[in-house]
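> Input my_file_15.txt, format and content: compact mmCIF, N, CA and C atoms.
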```txt
# COMPACT_ATOMS: atom_id res chain seq x y z
N MET J 1 0.81 -1.20 0.00
CA MET J 1 0.00 0.00 0.00
C MET J 1 0.86 1.27 0.00
N ILE J 2 1.94 1.27 0.78
CA ILE J 2 2.79 2.46 0.85
C ILE J 2 3.47 2.73 -0.49
N ASP J 3 3.75 1.65 -1.23
CA ASP J 3 4.37 1.83 -2.55
C ASP J 3 3.41 2.51 -3.52
N ARG J 4 2.14 2.18 -3.44
CA ARG J 4 1.13 2.82 -4.31
C ARG J 4 0.98 4.30 -3.95
N LYS J 5 0.99 4.60 -2.66
CA LYS J 5 0.91 5.99 -2.23
C LYS J 5 2.12 6.77 -2.74
N ALA J 6 3.29 6.17 -2.68
CA ALA J 6 4.50 6.82 -3.18
C ALA J 6 4.37 7.11 -4.68
N GLU J 7 3.82 6.17 -5.43
CA GLU J 7 3.62 6.38 -6.87
C GLU J 7 2.70 7.57 -7.14
N VAL J 8 1.62 7.67 -6.37
CA VAL J 8 0.68 8.79 -6.53
C VAL J 8 1.37 10.10 -6.21
N ILE J 9 2.13 10.14 -5.13
CA ILE J 9 2.84 11.35 -4.73
C ILE J 9 3.83 11.77 -5.80
N LEU J 10 4.66 10.83 -6.25
CA LEU J 10 5.67 11.14 -7.26
C LEU J 10 5.02 11.63 -8.56
N SER J 11 3.95 10.98 -8.96
CA SER J 11 3.25 11.39 -10.17
C SER J 11 2.71 12.81 -10.04
N ALA J 12 2.10 13.12 -8.89
CA ALA J 12 1.56 14.46 -8.67
C ALA J 12 2.65 15.52 -8.69
N LEU J 13 3.85 15.13 -8.33
CA LEU J 13 4.98 16.07 -8.33
C LEU J 13 5.70 16.12 -9.67
N GLY J 14 5.25 15.30 -10.63
CA GLY J 14 5.86 15.29 -11.95
C GLY J 14 7.10 14.43 -12.06
N PHE J 15 7.27 13.49 -11.13
CA PHE J 15 8.41 12.58 -11.13
C PHE J 15 7.95 11.17 -11.49
N ASN J 16 7.42 11.02 -12.69
CA ASN J 16 6.85 9.75 -13.11
C ASN J 16 7.88 8.67 -13.42
N ASP J 17 9.07 9.06 -13.84
CA ASP J 17 10.08 8.09 -14.25
C ASP J 17 11.16 7.86 -13.20
N GLU J 18 11.06 8.54 -12.07
CA GLU J 18 12.08 8.40 -11.04
C GLU J 18 11.75 7.26 -10.08
N GLU J 19 12.77 6.78 -9.43
CA GLU J 19 12.63 5.67 -8.49
C GLU J 19 12.88 6.16 -7.07
N LEU J 20 12.32 5.42 -6.14
CA LEU J 20 12.38 5.78 -4.74
C LEU J 20 12.54 4.52 -3.91
N SER J 21 13.34 4.58 -2.89
CA SER J 21 13.47 3.47 -1.96
C SER J 21 12.81 3.88 -0.65
N ILE J 22 11.98 3.01 -0.10
CA ILE J 22 11.30 3.28 1.17
C ILE J 22 11.71 2.20 2.15
N LEU J 23 12.26 2.61 3.29
CA LEU J 23 12.67 1.67 4.32
C LEU J 23 11.85 1.94 5.57
N LEU J 24 11.23 0.90 6.10
CA LEU J 24 10.48 0.98 7.36
C LEU J 24 11.31 0.23 8.39
N ILE J 25 11.78 0.97 9.41
CA ILE J 25 12.72 0.39 10.37
C ILE J 25 12.24 0.65 11.79
N ASP J 26 13.02 0.12 12.77
CA ASP J 26 12.69 0.33 14.18
C ASP J 26 13.49 1.50 14.74
N ASP J 27 13.19 1.88 15.96
CA ASP J 27 13.85 3.02 16.59
C ASP J 27 15.35 2.83 16.76
N GLU J 28 15.77 1.61 17.05
CA GLU J 28 17.20 1.36 17.25
C GLU J 28 17.99 1.68 15.98
N ARG J 29 17.52 1.18 14.85
CA ARG J 29 18.20 1.47 13.59
C ARG J 29 18.10 2.94 13.22
N MET J 30 16.94 3.55 13.48
CA MET J 30 16.77 4.97 13.17
C MET J 30 17.69 5.83 14.02
N ALA J 31 17.84 5.49 15.30
CA ALA J 31 18.74 6.25 16.17
C ALA J 31 20.17 6.20 15.64
N ALA J 32 20.58 5.04 15.16
CA ALA J 32 21.93 4.91 14.60
C ALA J 32 22.10 5.78 13.36
N LEU J 33 21.10 5.79 12.48
CA LEU J 33 21.16 6.62 11.27
C LEU J 33 21.14 8.11 11.63
N ASN J 34 20.29 8.47 12.57
CA ASN J 34 20.17 9.86 12.98
C ASN J 34 21.50 10.37 13.56
N GLU J 35 22.16 9.54 14.34
CA GLU J 35 23.46 9.90 14.92
C GLU J 35 24.53 10.01 13.84
N GLU J 36 24.56 9.01 12.96
CA GLU J 36 25.60 8.97 11.92
C GLU J 36 25.47 10.11 10.91
N TYR J 37 24.25 10.39 10.46
CA TYR J 37 24.08 11.34 9.37
C TYR J 37 23.67 12.75 9.79
N ARG J 38 23.11 12.88 10.99
CA ARG J 38 22.69 14.21 11.43
C ARG J 38 23.37 14.64 12.71
N GLY J 39 24.12 13.72 13.33
CA GLY J 39 24.81 14.04 14.57
C GLY J 39 23.86 14.27 15.73
N LYS J 40 22.66 13.68 15.66
CA LYS J 40 21.66 13.86 16.70
C LYS J 40 21.39 12.52 17.38
N ALA J 41 21.28 12.58 18.70
CA ALA J 41 21.04 11.36 19.48
C ALA J 41 19.56 10.97 19.43
N GLY J 42 19.31 9.68 19.44
CA GLY J 42 17.96 9.16 19.50
C GLY J 42 17.31 9.04 18.14
N PRO J 43 16.18 8.36 18.11
CA PRO J 43 15.48 8.17 16.83
C PRO J 43 14.72 9.43 16.42
N THR J 44 14.47 9.53 15.15
CA THR J 44 13.58 10.55 14.60
C THR J 44 12.51 9.81 13.82
N ASN J 45 11.52 10.50 13.32
CA ASN J 45 10.43 9.80 12.63
C ASN J 45 10.74 9.48 11.17
N VAL J 46 11.41 10.41 10.46
CA VAL J 46 11.68 10.18 9.04
C VAL J 46 13.00 10.86 8.66
N LEU J 47 13.75 10.19 7.81
CA LEU J 47 14.97 10.73 7.21
C LEU J 47 14.88 10.55 5.71
N SER J 48 15.44 11.49 4.99
CA SER J 48 15.51 11.40 3.53
C SER J 48 16.96 11.50 3.11
N PHE J 49 17.34 10.64 2.17
CA PHE J 49 18.70 10.64 1.64
C PHE J 49 18.62 10.78 0.13
N SER J 50 19.00 11.94 -0.35
CA SER J 50 18.90 12.23 -1.77
C SER J 50 20.02 11.58 -2.57
N MET J 51 19.67 11.08 -3.72
CA MET J 51 20.66 10.57 -4.68
C MET J 51 20.87 11.59 -5.78
N ARG J 52 20.25 12.75 -5.67
CA ARG J 52 20.33 13.80 -6.69
C ARG J 52 21.36 14.86 -6.36
N GLU J 53 22.09 14.67 -5.30
CA GLU J 53 23.10 15.64 -4.91
C GLU J 53 24.48 15.16 -5.37
N GLY J 54 25.39 16.07 -5.50
CA GLY J 54 26.75 15.71 -5.85
C GLY J 54 27.01 15.70 -7.35
N GLU J 55 28.21 15.30 -7.70
CA GLU J 55 28.69 15.36 -9.07
C GLU J 55 27.85 14.58 -10.07
N PHE J 56 27.35 13.42 -9.68
CA PHE J 56 26.61 12.57 -10.62
C PHE J 56 25.12 12.50 -10.31
N GLY J 57 24.62 13.48 -9.58
CA GLY J 57 23.22 13.49 -9.18
C GLY J 57 22.23 13.60 -10.31
N ASP J 58 22.68 14.08 -11.46
CA ASP J 58 21.74 14.26 -12.57
C ASP J 58 21.70 13.08 -13.53
N VAL J 59 22.42 11.99 -13.23
CA VAL J 59 22.46 10.86 -14.16
C VAL J 59 21.69 9.64 -13.66
N THR J 60 21.13 9.70 -12.48
CA THR J 60 20.43 8.54 -11.94
C THR J 60 18.92 8.77 -11.91
N PRO J 61 18.14 7.72 -12.18
CA PRO J 61 16.69 7.85 -12.06
C PRO J 61 16.23 7.72 -10.61
N LEU J 62 17.16 7.43 -9.70
CA LEU J 62 16.81 7.23 -8.30
C LEU J 62 16.80 8.56 -7.56
N LEU J 63 15.63 8.93 -7.03
CA LEU J 63 15.53 10.16 -6.24
C LEU J 63 16.28 10.02 -4.93
N GLY J 64 16.11 8.88 -4.30
CA GLY J 64 16.76 8.65 -3.02
C GLY J 64 15.98 7.71 -2.14
N ASP J 65 16.29 7.79 -0.85
CA ASP J 65 15.68 6.90 0.14
C ASP J 65 14.86 7.70 1.14
N VAL J 66 13.70 7.17 1.49
CA VAL J 66 12.90 7.69 2.59
C VAL J 66 12.90 6.59 3.64
N VAL J 67 13.40 6.93 4.83
CA VAL J 67 13.51 5.97 5.92
C VAL J 67 12.57 6.42 7.04
N ILE J 68 11.67 5.53 7.43
CA ILE J 68 10.66 5.85 8.44
C ILE J 68 10.78 4.88 9.61
N SER J 69 10.81 5.42 10.83
CA SER J 69 10.76 4.59 12.02
C SER J 69 9.30 4.28 12.33
N VAL J 70 8.95 3.03 12.21
CA VAL J 70 7.57 2.62 12.47
C VAL J 70 7.24 2.76 13.95
N GLU J 71 8.22 2.50 14.82
CA GLU J 71 7.97 2.65 16.26
C GLU J 71 7.64 4.10 16.62
N THR J 72 8.42 5.02 16.12
CA THR J 72 8.17 6.43 16.38
C THR J 72 6.85 6.86 15.75
N ALA J 73 6.61 6.41 14.53
CA ALA J 73 5.36 6.75 13.84
C ALA J 73 4.16 6.24 14.64
N PHE J 74 4.27 5.06 15.20
CA PHE J 74 3.17 4.50 16.00
C PHE J 74 2.90 5.35 17.24
N ARG J 75 3.96 5.73 17.94
CA ARG J 75 3.80 6.59 19.13
C ARG J 75 3.16 7.93 18.74
N GLU J 76 3.65 8.53 17.66
CA GLU J 76 3.12 9.82 17.23
C GLU J 76 1.67 9.72 16.78
N ALA J 77 1.33 8.64 16.12
CA ALA J 77 -0.06 8.43 15.70
C ALA J 77 -0.98 8.33 16.91
N SER J 78 -0.55 7.58 17.91
CA SER J 78 -1.34 7.42 19.13
C SER J 78 -1.54 8.76 19.82
N GLU J 79 -0.46 9.54 19.93
CA GLU J 79 -0.53 10.85 20.58
C GLU J 79 -1.45 11.81 19.81
N ALA J 80 -1.45 11.71 18.48
CA ALA J 80 -2.25 12.61 17.65
C ALA J 80 -3.68 12.12 17.44
N GLY J 81 -3.98 10.90 17.85
CA GLY J 81 -5.32 10.36 17.66
C GLY J 81 -5.64 10.02 16.21
N ILE J 82 -4.60 9.62 15.47
CA ILE J 82 -4.79 9.20 14.08
C ILE J 82 -4.29 7.77 13.94
N SER J 83 -4.58 7.16 12.81
CA SER J 83 -4.14 5.78 12.59
C SER J 83 -2.66 5.76 12.22
N LEU J 84 -2.05 4.62 12.41
CA LEU J 84 -0.65 4.44 12.01
C LEU J 84 -0.52 4.66 10.50
N ASP J 85 -1.46 4.18 9.73
CA ASP J 85 -1.42 4.36 8.28
C ASP J 85 -1.43 5.85 7.91
N GLU J 86 -2.26 6.63 8.59
CA GLU J 86 -2.30 8.07 8.32
C GLU J 86 -0.96 8.73 8.68
N ARG J 87 -0.38 8.32 9.80
CA ARG J 87 0.91 8.89 10.19
C ARG J 87 2.00 8.50 9.20
N LEU J 88 1.98 7.26 8.74
CA LEU J 88 2.96 6.83 7.74
C LEU J 88 2.80 7.65 6.46
N SER J 89 1.57 7.97 6.09
CA SER J 89 1.34 8.81 4.90
C SER J 89 1.93 10.19 5.10
N GLN J 90 1.71 10.78 6.27
CA GLN J 90 2.29 12.10 6.55
C GLN J 90 3.81 12.06 6.42
N LEU J 91 4.42 11.04 6.99
CA LEU J 91 5.88 10.94 6.98
C LEU J 91 6.40 10.65 5.58
N LEU J 92 5.69 9.84 4.83
CA LEU J 92 6.08 9.55 3.44
C LEU J 92 6.06 10.83 2.60
N VAL J 93 4.97 11.59 2.71
CA VAL J 93 4.87 12.85 1.97
C VAL J 93 6.03 13.77 2.38
N HIS J 94 6.26 13.90 3.67
CA HIS J 94 7.31 14.77 4.17
C HIS J 94 8.67 14.36 3.63
N GLY J 95 8.96 13.07 3.70
CA GLY J 95 10.24 12.57 3.22
C GLY J 95 10.44 12.78 1.72
N ILE J 96 9.40 12.51 0.95
CA ILE J 96 9.50 12.69 -0.51
C ILE J 96 9.68 14.16 -0.85
N LEU J 97 8.96 15.03 -0.17
CA LEU J 97 9.11 16.46 -0.46
C LEU J 97 10.54 16.93 -0.19
N HIS J 98 11.16 16.41 0.85
CA HIS J 98 12.57 16.75 1.08
C HIS J 98 13.45 16.28 -0.08
N LEU J 99 13.14 15.12 -0.64
CA LEU J 99 13.94 14.60 -1.76
C LEU J 99 13.84 15.47 -3.00
N VAL J 100 12.71 16.15 -3.16
CA VAL J 100 12.53 16.99 -4.35
C VAL J 100 12.72 18.47 -4.02
N ASP J 101 13.48 18.71 -2.97
CA ASP J 101 14.00 20.03 -2.61
C ASP J 101 13.03 20.97 -1.91
N TYR J 102 12.02 20.45 -1.26
CA TYR J 102 11.23 21.28 -0.35
C TYR J 102 11.95 21.22 0.99
N ASP J 103 11.98 22.34 1.70
CA ASP J 103 12.68 22.35 2.98
C ASP J 103 12.03 23.35 3.93
N HIS J 104 11.41 22.84 4.96
CA HIS J 104 10.71 23.67 5.94
C HIS J 104 11.68 24.39 6.88
N GLU J 105 12.95 24.02 6.86
CA GLU J 105 13.91 24.62 7.78
C GLU J 105 14.64 25.83 7.17
N ARG J 106 14.50 26.07 5.89
CA ARG J 106 15.18 27.20 5.25
C ARG J 106 14.62 28.54 5.70
N SER J 107 13.30 28.63 5.71
CA SER J 107 12.66 29.90 6.08
C SER J 107 11.19 29.64 6.42
N GLU J 108 10.57 30.63 7.01
CA GLU J 108 9.13 30.56 7.32
C GLU J 108 8.32 30.40 6.04
N ALA J 109 8.71 31.14 5.00
CA ALA J 109 8.00 31.06 3.72
C ALA J 109 8.12 29.66 3.13
N ASP J 110 9.30 29.08 3.18
CA ASP J 110 9.50 27.73 2.66
C ASP J 110 8.69 26.71 3.47
N ALA J 111 8.61 26.93 4.77
CA ALA J 111 7.81 26.04 5.62
C ALA J 111 6.33 26.09 5.23
N GLU J 112 5.84 27.27 4.93
CA GLU J 112 4.44 27.42 4.52
C GLU J 112 4.19 26.76 3.16
N ILE J 113 5.13 26.92 2.26
CA ILE J 113 5.01 26.28 0.94
C ILE J 113 5.00 24.77 1.08
N MET J 114 5.91 24.24 1.91
CA MET J 114 5.98 22.79 2.10
C MET J 114 4.72 22.26 2.77
N GLU J 115 4.18 23.00 3.73
CA GLU J 115 2.95 22.56 4.39
C GLU J 115 1.78 22.52 3.41
N ALA J 116 1.66 23.53 2.57
CA ALA J 116 0.58 23.56 1.59
C ALA J 116 0.70 22.40 0.61
N LYS J 117 1.90 22.13 0.15
CA LYS J 117 2.12 21.02 -0.78
C LYS J 117 1.84 19.69 -0.08
N SER J 118 2.24 19.58 1.18
CA SER J 118 1.97 18.36 1.96
C SER J 118 0.48 18.08 2.05
N LEU J 119 -0.29 19.11 2.36
CA LEU J 119 -1.75 18.95 2.45
C LEU J 119 -2.34 18.53 1.12
N GLU J 120 -1.87 19.16 0.06
CA GLU J 120 -2.35 18.82 -1.28
C GLU J 120 -2.10 17.34 -1.59
N LEU J 121 -0.91 16.87 -1.27
CA LEU J 121 -0.56 15.48 -1.55
C LEU J 121 -1.29 14.51 -0.64
N LEU J 122 -1.46 14.87 0.63
CA LEU J 122 -2.19 14.00 1.55
C LEU J 122 -3.63 13.79 1.10
N ARG J 123 -4.23 14.82 0.53
CA ARG J 123 -5.62 14.70 0.05
C ARG J 123 -5.74 13.71 -1.11
N LEU J 124 -4.64 13.46 -1.78
CA LEU J 124 -4.63 12.48 -2.88
C LEU J 124 -4.53 11.04 -2.40
N ILE J 125 -3.96 10.85 -1.20
CA ILE J 125 -3.69 9.47 -0.74
C ILE J 125 -4.42 9.06 0.53
N GLU J 126 -5.07 10.02 1.19
CA GLU J 126 -5.78 9.71 2.43
C GLU J 126 -7.23 10.18 2.35
N LEU J 127 -8.13 9.43 2.95
CA LEU J 127 -9.55 9.76 2.93
C LEU J 127 -9.94 10.83 3.96
N ASN J 128 -9.17 10.94 5.04
CA ASN J 128 -9.48 11.86 6.12
C ASN J 128 -9.19 13.30 5.70
N PRO J 129 -10.24 14.11 5.43
CA PRO J 129 -10.01 15.49 4.98
C PRO J 129 -9.49 16.41 6.08
N GLN J 130 -9.50 15.94 7.31
CA GLN J 130 -9.00 16.75 8.43
C GLN J 130 -7.56 16.41 8.82
N LEU J 131 -6.97 15.47 8.13
CA LEU J 131 -5.60 15.06 8.47
C LEU J 131 -4.64 16.20 8.21
N PRO J 132 -3.91 16.63 9.25
CA PRO J 132 -2.97 17.73 9.07
C PRO J 132 -1.71 17.28 8.32
N ALA J 133 -0.93 18.26 7.92
CA ALA J 133 0.24 17.98 7.06
C ALA J 133 1.31 17.20 7.80
N PHE J 134 1.65 17.54 9.00
CA PHE J 134 2.79 16.87 9.64
C PHE J 134 2.71 17.06 11.10
```
Would you mind writing the structure in this file as structure tokens?


Amino acid sequence: MIDRKAEVILSALGFNDEELSILLIDDERMAALNEEYRGKAGPTNVLSFSMREGEFGDVTPLLGDVVISVETAFREASEAGISLDERLSQLLVHGILHLVDYDHERSEADAEIMEAKSLELLRLIELNPQLPAF
């Protein structure tokens, strides 16, 4: 199911021919990745690793990897009163948007743009019209 959602998201963003890797992992593995690649202790909910950066970034059809901690997603879903599937959708959208150069940390304006695009994409893959962006 998550692969179909990813296809819908990529298509809506105009990335019909690109490939994406999605990894669903536990908190222990996520904490290790978060420490290694971001220098931050503990697990996070989603990480994105772009294959479009660097010298040969324009020659691969692979956008990159979206890595989601299912344990963290489950806790966050419970706290927010939404289903795990809905939370995974939020995180998938968020991760993919980072791969295609949306970044909520650059500025307030960029955060607003990313939130609007997130909502637009969530409405394509989730039935709950009240589901927030992230």

> J:Ala12, J:Ala6, J:Ile113, J:Ser48: which is nearest His98 in chain J, counting all atoms listed in the file?

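The closest residue to His98 in chain J is J:Ser48.
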
> Rank J:Ser118, J:Ser78, J:Ser83, J:Ser50 by their smallest atom-to-atom distance to Asp101 in chain J, using only C-alpha atoms, and report the top residue only.

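Once distances to Asp101 in chain J are computed over only C-alpha atoms, the minimum belongs to J:Ser50.
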
> Kindly assemble as CSV a list of the range 59-134 of chain J residues that lie within 8 Å of range 19-24 of chain J, each paired with its nearest atom pair and their distance in Å to one decimal, using only C-alpha atoms, sorted first by chain and then by ascending residue number.


```
residue,atom,partner,partner_atom,distance
J:Pro61,CA,J:Glu19,CA,5.8
J:Leu62,CA,J:Glu19,CA,4.5
J:Leu63,CA,J:Leu20,CA,5.6
J:Gly64,CA,J:Leu20,CA,5.5
J:Asp65,CA,J:Ser21,CA,4.6
J:Val66,CA,J:Ile22,CA,4.9
J:Val67,CA,J:Leu23,CA,4.7
J:Ile68,CA,J:Leu24,CA,5.0
J:Ser69,CA,J:Leu24,CA,5.9
J:Val70,CA,J:Leu24,CA,6.1
```

> How about saving the chosen residues, N, CA and C atoms kept, as a tab-separated table (two decimals), keeping the file's coordinate frame?


```
chain	number	residue	atom	x	y	z
J	61	PRO	N	18.14	7.72	-12.18
J	61	PRO	CA	16.69	7.85	-12.06
J	61	PRO	C	16.23	7.72	-10.61
J	62	LEU	N	17.16	7.43	-9.70
J	62	LEU	CA	16.81	7.23	-8.30
J	62	LEU	C	16.80	8.56	-7.56
J	63	LEU	N	15.63	8.93	-7.03
J	63	LEU	CA	15.53	10.16	-6.24
J	63	LEU	C	16.28	10.02	-4.93
J	64	GLY	N	16.11	8.88	-4.30
J	64	GLY	CA	16.76	8.65	-3.02
J	64	GLY	C	15.98	7.71	-2.14
J	65	ASP	N	16.29	7.79	-0.85
J	65	ASP	CA	15.68	6.90	0.14
J	65	ASP	C	14.86	7.70	1.14
J	66	VAL	N	13.70	7.17	1.49
J	66	VAL	CA	12.90	7.69	2.59
J	66	VAL	C	12.90	6.59	3.64
J	67	VAL	N	13.40	6.93	4.83
J	67	VAL	CA	13.51	5.97	5.92
J	67	VAL	C	12.57	6.42	7.04
J	68	ILE	N	11.67	5.53	7.43
J	68	ILE	CA	10.66	5.85	8.44
J	68	ILE	C	10.78	4.88	9.61
J	69	SER	N	10.81	5.42	10.83
J	69	SER	CA	10.76	4.59	12.02
J	69	SER	C	9.30	4.28	12.33
J	70	VAL	N	8.95	3.03	12.21
J	70	VAL	CA	7.57	2.62	12.47
J	70	VAL	C	7.24	2.76	13.95
```

> In terms of the shortest atom-to-atom distance over only C-alpha atoms, which of J:Ala111, J:Glu71, J:Leu92, J:Phe15 is closest to Ile125 in chain J?

J:Leu92

> Please determine the residues with any atom at most 8 Å from (7.3, 11.0, -2.2) (coordinates as given in the file, with only C-alpha atoms counting) and report them as a CSV table (one decimal) with N, CA and C atoms, in the coordinates of the input.


```csv
chain,number,residue,atom,x,y,z
J,6,ALA,N,3.3,6.2,-2.7
J,6,ALA,CA,4.5,6.8,-3.2
J,6,ALA,C,4.4,7.1,-4.7
J,7,GLU,N,3.8,6.2,-5.4
J,7,GLU,CA,3.6,6.4,-6.9
J,7,GLU,C,2.7,7.6,-7.1
J,9,ILE,N,2.1,10.1,-5.1
J,9,ILE,CA,2.8,11.4,-4.7
J,9,ILE,C,3.8,11.8,-5.8
J,10,LEU,N,4.7,10.8,-6.2
J,10,LEU,CA,5.7,11.1,-7.3
J,10,LEU,C,5.0,11.6,-8.6
J,20,LEU,N,12.3,5.4,-6.1
J,20,LEU,CA,12.4,5.8,-4.7
J,20,LEU,C,12.5,4.5,-3.9
J,92,LEU,N,5.7,9.8,4.8
J,92,LEU,CA,6.1,9.6,3.4
J,92,LEU,C,6.1,10.8,2.6
J,93,VAL,N,5.0,11.6,2.7
J,93,VAL,CA,4.9,12.8,2.0
J,93,VAL,C,6.0,13.8,2.4
J,94,HIS,N,6.3,13.9,3.7
J,94,HIS,CA,7.3,14.8,4.2
J,94,HIS,C,8.7,14.4,3.6
J,95,GLY,N,9.0,13.1,3.7
J,95,GLY,CA,10.2,12.6,3.2
J,95,GLY,C,10.4,12.8,1.7
J,96,ILE,N,9.4,12.5,1.0
J,96,ILE,CA,9.5,12.7,-0.5
J,96,ILE,C,9.7,14.2,-0.8
J,97,LEU,N,9.0,15.0,-0.2
J,97,LEU,CA,9.1,16.5,-0.5
J,97,LEU,C,10.5,16.9,-0.2
J,99,LEU,N,13.1,15.1,-0.6
J,99,LEU,CA,13.9,14.6,-1.8
J,99,LEU,C,13.8,15.5,-3.0
```

> Excluding Pro43 in chain J and its own-chain neighbours fewer than 6 positions away, which residues fall within 10 Å of it when counting only C-alpha atoms? Please give them as number ranges by chain.

J: 26-35, 68-69, 71-72

> Compare J:Met1, J:Met114, J:Leu124, J:Leu131 by their minimum atom-to-atom distance to Val100 in chain J, counting only C-alpha atoms, and give me the closest one.

J:Met114

> Mind listing the strand (DSSP E or B) residues of chain J, per DSSP on the backbone, as a VMD selection string?

chain J and resid 19 to 25 46 to 50 62 to 69

> What is the distance, in Å and to one decimal place, between CA of Asn128 in chain J and CA of Gly81 in chain J?

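Computed distance, CA of Asn128 in chain J to CA of Gly81 in chain J, equals 12.4 Å.
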
> DSSP on the backbone, then: every residue of range 32-112 of chain J marked alpha helix (DSSP H), written as JSON, numbers by chain.

{"J": [32, 33, 34, 35, 36, 37, 38, 70, 71, 72, 73, 74, 75, 76, 77, 78, 79, 80, 84, 85, 86, 87, 88, 89, 90, 91, 92, 93, 94, 95, 96, 97, 98, 99, 108, 109, 110, 111, 112]}

> Provide the atom N of Gly42 in chain J to CA of Asp110 in chain J distance in Å, to one decimal place.

26.5 Å

> Of the candidates J:Glu105, J:Glu53, J:Glu126, J:Glu112, which shows the shortest atom-to-atom distance to Asp85 in chain J, using only C-alpha atoms?

J:Glu126
